[in-house]
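**Student:** Let me begin by handing over the structure; questions about it come next.
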Amino acid sequence: MSLYRWLCSKNHILLILAVAVLLSLTISYFWTFGVSSKPVKQKDKRQENQRNNTIVYDRLESKLKAVEDELVDLRDKLRRSKKLEDLLPITNGGDYHLTTNLASEYCHYHVCFDYSRCPIFTPFRAFVYDAALMAPVPMTLSGNATIAALKESSYVTLDPEEACIYIVLLWESSDSALEKDTLQQKLHSLPHWNGEGRNHVILSVSTDDEFVRTHLSKVDIGHAMLVQSFYEVHTIRLGFDLVLPSLTSAMVASKEKYRTLHSPARRKYILTFQGAKSRTQNRTYSDLNVGKDILNFLSRETSSNKDDVYIDLDSTTSNCSNRDFDWCLHEPKEERLRLLAQSTFTLILVSNRALVSSERIQTRLSEALQTGAIPVILGDRVVLPFSEFIHWNKAVIFLPLGRASELYQIIETVGDPDLLSFRRQGAILFDTYLSNPKAILSGVLATIRTRLSIPADAIMESHAEDFFPPGTSRKTKTATKITRKADDHFPTPGQPFPSPRYLRNFTVTYIDRHTTWNNSPGPFFLYPNNVFDPVLPTDAQLSESVSGFHPKEVGAIGEEYHTSLRGNVPEEQFTIVILTYEREELLMETIRNLAGLPFLNKVIIVWNSPKQPSDDLVWPEIQVPVKVLRGTKNSLNNRFLPLDEIETDAVLSIDDDVHLRHDQIILSFRVWRENRDRIVGFPQRFHRWDTKTNEGYLYVIRNTCEYSMVLTGAAFIHKYYYYQYSYHMPQVIRDKVDELMNCEDVAMNFLVSHLSRKPPMKVTALRDFANPNAKTRISEASPHVGVRHECLRYFTKVFGYMPLLYSQYRADSPLYGSDIKDKHKCFKRV
């Protein structure tokens, strides 16, 4: 078969032709000058030689052309053959083969997956078989946690007919139901297996690598995908099978409230390793000896820095004697985590060259990322979870075994900024994919869905009860528009229109897959719009195929400037969200102040009080709808609910006692449109370290030359961040806001700076936005600042670091303060 394929190669055919021609010319030459003995003239000899060469060449070319045509026909027949084993290379995998079925060993999606069950414009759904079909219950803890996580997933369906994939759950058991022959028979008897197991996912949640090796690795799984923690080099089909993170570690980590702080960058130990070699000698024992030699070498080489390196080869272990293919874990776990929390780097040694992944490798990875110890994986063939889409090199250092002697020198050169970058990215990946069983199973489903380029489900909107639904009445009075000064050039408010939604469903899934996978909150849901969506260049903005941009003839000064929003994104509007609690008169005055405000789409009042609005309350009637929505409870977190009534990307969050001029709002809106990933607003605040007590950060109210927060009592924020605040920010932060009835604005500043890695942006010189008629304000209460100190310190512990960043400038109108004529200025007072 190899010779036949070699001959079928086009390059080899051309080589044969060239050799044949050369041989024919050589034979012709010797036959003409060496064999013929008749004396002829030199000219006649040349002519005769040319005739002979021509005849021989023509005959040879004709024969070789016939051979080449025959080979082309044979190749065409080979391509049309339905036998997969004739198309794929045959290799000898020894005892590690997953199955003797050649088709399944070389499975790829284009060979072993039925795309017709997964149309690209229909929701991606998975059907989970009843676990009792494979083995009796009760299951292991990891099995129960997996089933609970799958039940919570919006991607799981109870209808097998609408499913794209079918999930089979397996776990370790001493029951004969999971013996090889019985297990294989049960698999092949599943209702939708259909002889090959296409679109099936065998999810092995076993934490016992020996069980996987002895029970599952010999089972013929056909065209099904395999998802488990343990693989050897000949049992994983890269690009088809998936590596499963450690479920055991995730079940423990999900109970943690805080994480180990990222700072200081350099911890007590620069490198640590704890483990023990298996006591069972076997074919992998020599690999473990190699690993022990490497560790002993590192210990000797770093003896002069023995305080920096901690290597323990005689760790206390349990249940390790019969597991002979990996380094055993130190016990108890609490001691492992305590050492990792003091480690800058931790070594994950994979000296078994046949090992691709194991439960222990995944446990070491998860615990390292959880505690902020940067993993250094010393091995040649390790595959980490979801590595098709996750850039693990931003959180983990990979080194081949051949670099063992240089390991210490390599990690010693990593600077503090890179150490903290590794640690922060590791924390993001841990939180998103490894921190609990739900995150792990979501990652598995998202990997398969992303491979198929199927968009994620749309993120859920929050719905709140309307106090005055259509058909009901309330007392209203048309609000008087604010008298403008003669130099204002604001346009007349237009009809409300929503922001376009879900325009990049496929492209986000396909083009931006590596961006979404490597940043929080991950690829699990689709958003109406994203703060990081691409911006069109100027020439494309003026194209006939693009709408919503300013006309070409519109100028950029004075009155002409205000006829359009201009800028780098299409025309849009903003929604004002007002959080209120039993301050009705102040609220009515704030609403009246919005009459005639350009670019306004809607006003939403979030009613936090358990009391009904007063019956005699007269609501101002302005040019846009004013919705009054009931909060489910009195919570400051209601300020940032991603309400379905918010139909614009831009949200202006204001308190019920805020008094802002229209020019201040419009300038702030224009600035936000160019900084959609930031909080853009007015009063600024500052955080600094408490140098007297060294116990944490302090919240500073006084005016400073730099700032790190902008109060959300008057600020523009993208609705995208409302989803992140309500659904993805750690629940303990929202709980703390409810407990203290404070700090929701601090939490939002933390979140936005964490996701964007940018500071907020202050607009204009405005330092206070309160209505002068307001009698009381929460910020004037004596314990207010002390509570804010507490929030800064608590949120830092939850995030693991201080995400707030400083800024030293503010945004004003470009021509403000210049000596040009007033009629040419964009804004006269800001």
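Here, A, B, ... name the chains of the structure tokens in the order displayed, residue numbers run from 1 inside each chain, and ligands are numbered from 1 in the same displayed order.
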Based on the backbone DSSP call, show me all residues of segment 598-743 of chain A assigned strand (DSSP E or B), as number ranges by chain.
**Tutor:** A: 600-607, 619-621, 626-630, 643, 650-655, 658, 680-681, 684-689, 697-700, 707, 709-710, 714-718
**Student:** Find the spatial neighbours of Arg125 of chain A, counting only C-alpha atoms, within a cut-off of 8 Å - ignore same-chain residues fewer than 5 positions away - and output them as number ranges by chain.
**Tutor:** A: 155-157, 162-165
**Student:** Given the selection you just returned, output its residues as a file containing C-alpha atoms, formatted as a CSV table (one decimal), in the first residue's frame.
**Tutor:**
```csv
chain,number,residue,atom,x,y,z
A,155,TYR,CA,-28.5,24.5,25.8
A,156,VAL,CA,-29.9,21.2,27.1
A,157,THR,CA,-33.2,20.0,25.6
A,162,GLU,CA,-34.3,19.0,18.2
A,163,ALA,CA,-30.9,18.0,19.5
A,164,CYS,CA,-27.6,18.6,17.6
A,165,ILE,CA,-25.6,16.3,19.9
```
**Student:** What's around segment 366-376 of chain A at 7 Å? Count only C-alpha atoms, leave out sequence neighbours fewer than 2 positions away in its own chain, and write the answer as a PyMOL selection string.
**Tutor:** chain A and resi 249+259-260+262+337+340-341+343-348+362-364+378+395-398+422-423+426-427+430+434
**Student:** Name the residues of segment 579-746 of chain A that come out as alpha helix (DSSP H) in a backbone DSSP run; write them as number ranges by chain.
**Tutor:** A: 584-592, 662-673, 719-723, 731-740, 744-746
**Student:** Need the shell around segment 329-335 of chain A: protein/DNA/RNA residues with any atom at most 10 Å away, counting only C-alpha atoms. Skip same-chain ones fewer than 5 positions apart. Format as a ChimeraX atom specification?
**Tutor:** /A:249,273-277,312-320,340-341,360-361,363-364,367
**Student:** What's around Pro500 of chain A at 12 Å? Count only C-alpha atoms, leave out sequence neighbours fewer than 5 positions away in its own chain, and write the answer as a list in words.
**Tutor:** Tyr527, Pro528, Asn529, Asn530, Ser547, Gly548, Val569, Pro570, Glu571, Glu572, Gln573, Glu647, Thr648, Asp649 and Ala650 of chain A
**Student:** Any chance you can output those residues with all heavy atoms as a tab-separated table (two decimals), in the first residue's frame?
**Tutor:**
```tsv
chain	number	residue	atom	x	y	z
A	527	TYR	N	-24.69	38.92	22.74
A	527	TYR	CA	-25.20	40.20	23.23
A	527	TYR	C	-25.72	41.04	22.07
A	527	TYR	O	-25.20	40.95	20.95
A	527	TYR	CB	-24.10	40.95	23.98
A	527	TYR	CG	-23.67	40.22	25.23
A	527	TYR	CD1	-22.65	39.27	25.18
A	527	TYR	CD2	-24.30	40.45	26.44
A	527	TYR	CE1	-22.27	38.57	26.31
A	527	TYR	CE2	-23.93	39.76	27.58
A	527	TYR	CZ	-22.91	38.82	27.51
A	527	TYR	OH	-22.55	38.13	28.65
A	528	PRO	N	-26.74	41.88	22.33
A	528	PRO	CA	-27.26	42.72	21.24
A	528	PRO	C	-26.17	43.54	20.58
A	528	PRO	O	-26.12	43.67	19.36
A	528	PRO	CB	-28.28	43.62	21.95
A	528	PRO	CG	-28.67	42.87	23.18
A	528	PRO	CD	-27.46	42.10	23.60
A	529	ASN	N	-25.27	44.09	21.39
A	529	ASN	CA	-24.11	44.81	20.89
A	529	ASN	C	-23.01	44.70	21.93
A	529	ASN	O	-23.28	44.45	23.11
A	529	ASN	CB	-24.43	46.29	20.63
A	529	ASN	CG	-25.29	46.49	19.40
A	529	ASN	OD1	-24.88	46.17	18.29
A	529	ASN	ND2	-26.50	47.00	19.60
A	530	ASN	N	-21.79	44.90	21.48
A	530	ASN	CA	-20.64	44.76	22.36
A	530	ASN	C	-19.86	46.05	22.37
A	530	ASN	O	-19.80	46.76	21.35
A	530	ASN	CB	-19.75	43.60	21.87
A	530	ASN	CG	-18.77	43.14	22.92
A	530	ASN	OD1	-18.01	43.93	23.47
A	530	ASN	ND2	-18.79	41.85	23.23
A	547	SER	N	-25.68	53.07	6.37
A	547	SER	CA	-26.62	54.13	6.73
A	547	SER	C	-26.39	54.57	8.17
A	547	SER	O	-25.76	53.88	8.96
A	547	SER	CB	-28.06	53.64	6.58
A	547	SER	OG	-28.30	52.53	7.43
A	548	GLY	N	-26.92	55.76	8.49
A	548	GLY	CA	-26.88	56.24	9.86
A	548	GLY	C	-25.79	57.23	10.16
A	548	GLY	O	-25.74	57.78	11.27
A	569	VAL	N	-19.50	56.46	14.76
A	569	VAL	CA	-20.56	55.44	14.78
A	569	VAL	C	-21.85	56.07	14.27
A	569	VAL	O	-22.01	57.30	14.30
A	569	VAL	CB	-20.76	54.86	16.20
A	569	VAL	CG1	-19.54	54.07	16.63
A	569	VAL	CG2	-21.05	55.96	17.20
A	570	PRO	N	-22.79	55.26	13.79
A	570	PRO	CA	-24.03	55.81	13.25
A	570	PRO	C	-24.82	56.59	14.29
A	570	PRO	O	-24.60	56.49	15.49
A	570	PRO	CB	-24.80	54.57	12.79
A	570	PRO	CG	-23.77	53.52	12.61
A	570	PRO	CD	-22.72	53.79	13.64
A	571	GLU	N	-25.77	57.37	13.78
A	571	GLU	CA	-26.67	58.12	14.66
A	571	GLU	C	-27.36	57.18	15.64
A	571	GLU	O	-27.73	56.05	15.28
A	571	GLU	CB	-27.72	58.86	13.83
A	571	GLU	CG	-27.17	59.91	12.90
A	571	GLU	CD	-26.84	61.21	13.62
A	571	GLU	OE1	-27.62	61.60	14.51
A	571	GLU	OE2	-25.81	61.82	13.30
A	572	GLU	N	-27.54	57.63	16.86
A	572	GLU	CA	-28.20	56.81	17.87
A	572	GLU	C	-28.79	57.71	18.94
A	572	GLU	O	-28.58	58.93	18.95
A	572	GLU	CB	-27.21	55.82	18.49
A	572	GLU	CG	-26.03	56.48	19.19
A	572	GLU	CD	-25.01	55.47	19.70
A	572	GLU	OE1	-25.42	54.38	20.12
A	572	GLU	OE2	-23.81	55.80	19.68
A	573	GLN	N	-29.51	57.11	19.86
A	573	GLN	CA	-30.11	57.84	20.97
A	573	GLN	C	-29.72	57.17	22.28
A	573	GLN	O	-29.04	56.13	22.28
A	573	GLN	CB	-31.63	57.86	20.81
A	573	GLN	CG	-32.11	58.60	19.57
A	573	GLN	CD	-33.61	58.55	19.39
A	573	GLN	OE1	-34.30	57.69	19.94
A	573	GLN	NE2	-34.14	59.49	18.61
A	647	GLU	N	-33.81	50.11	25.08
A	647	GLU	CA	-33.67	49.72	23.69
A	647	GLU	C	-32.49	50.39	23.00
A	647	GLU	O	-32.35	50.31	21.78
A	647	GLU	CB	-34.95	50.04	22.92
A	647	GLU	CG	-36.18	49.31	23.46
A	647	GLU	CD	-37.44	49.68	22.73
A	647	GLU	OE1	-37.82	50.87	22.77
A	647	GLU	OE2	-38.04	48.78	22.11
A	648	THR	N	-31.64	51.04	23.75
A	648	THR	CA	-30.46	51.70	23.20
A	648	THR	C	-29.21	51.16	23.86
A	648	THR	O	-29.25	50.65	24.98
A	648	THR	CB	-30.53	53.23	23.41
A	648	THR	OG1	-30.59	53.49	24.83
A	648	THR	CG2	-31.76	53.81	22.74
A	649	ASP	N	-28.08	51.30	23.16
A	649	ASP	CA	-26.80	50.91	23.75
A	649	ASP	C	-26.41	51.87	24.86
A	649	ASP	O	-25.87	51.47	25.90
A	649	ASP	CB	-25.70	50.89	22.69
A	649	ASP	CG	-25.90	49.81	21.66
A	649	ASP	OD1	-26.67	48.87	21.93
A	649	ASP	OD2	-25.28	49.89	20.57
A	650	ALA	N	-26.66	53.16	24.64
A	650	ALA	CA	-26.25	54.19	25.59
A	650	ALA	C	-27.30	54.34	26.70
A	650	ALA	O	-28.50	54.48	26.41
A	650	ALA	CB	-26.06	55.52	24.88
```
**Student:** Can you measure atom CA of Phe240 of chain A to atom CA of His108 of chain A for me? One decimal in Å is fine.
**Tutor:** 5.7 Å
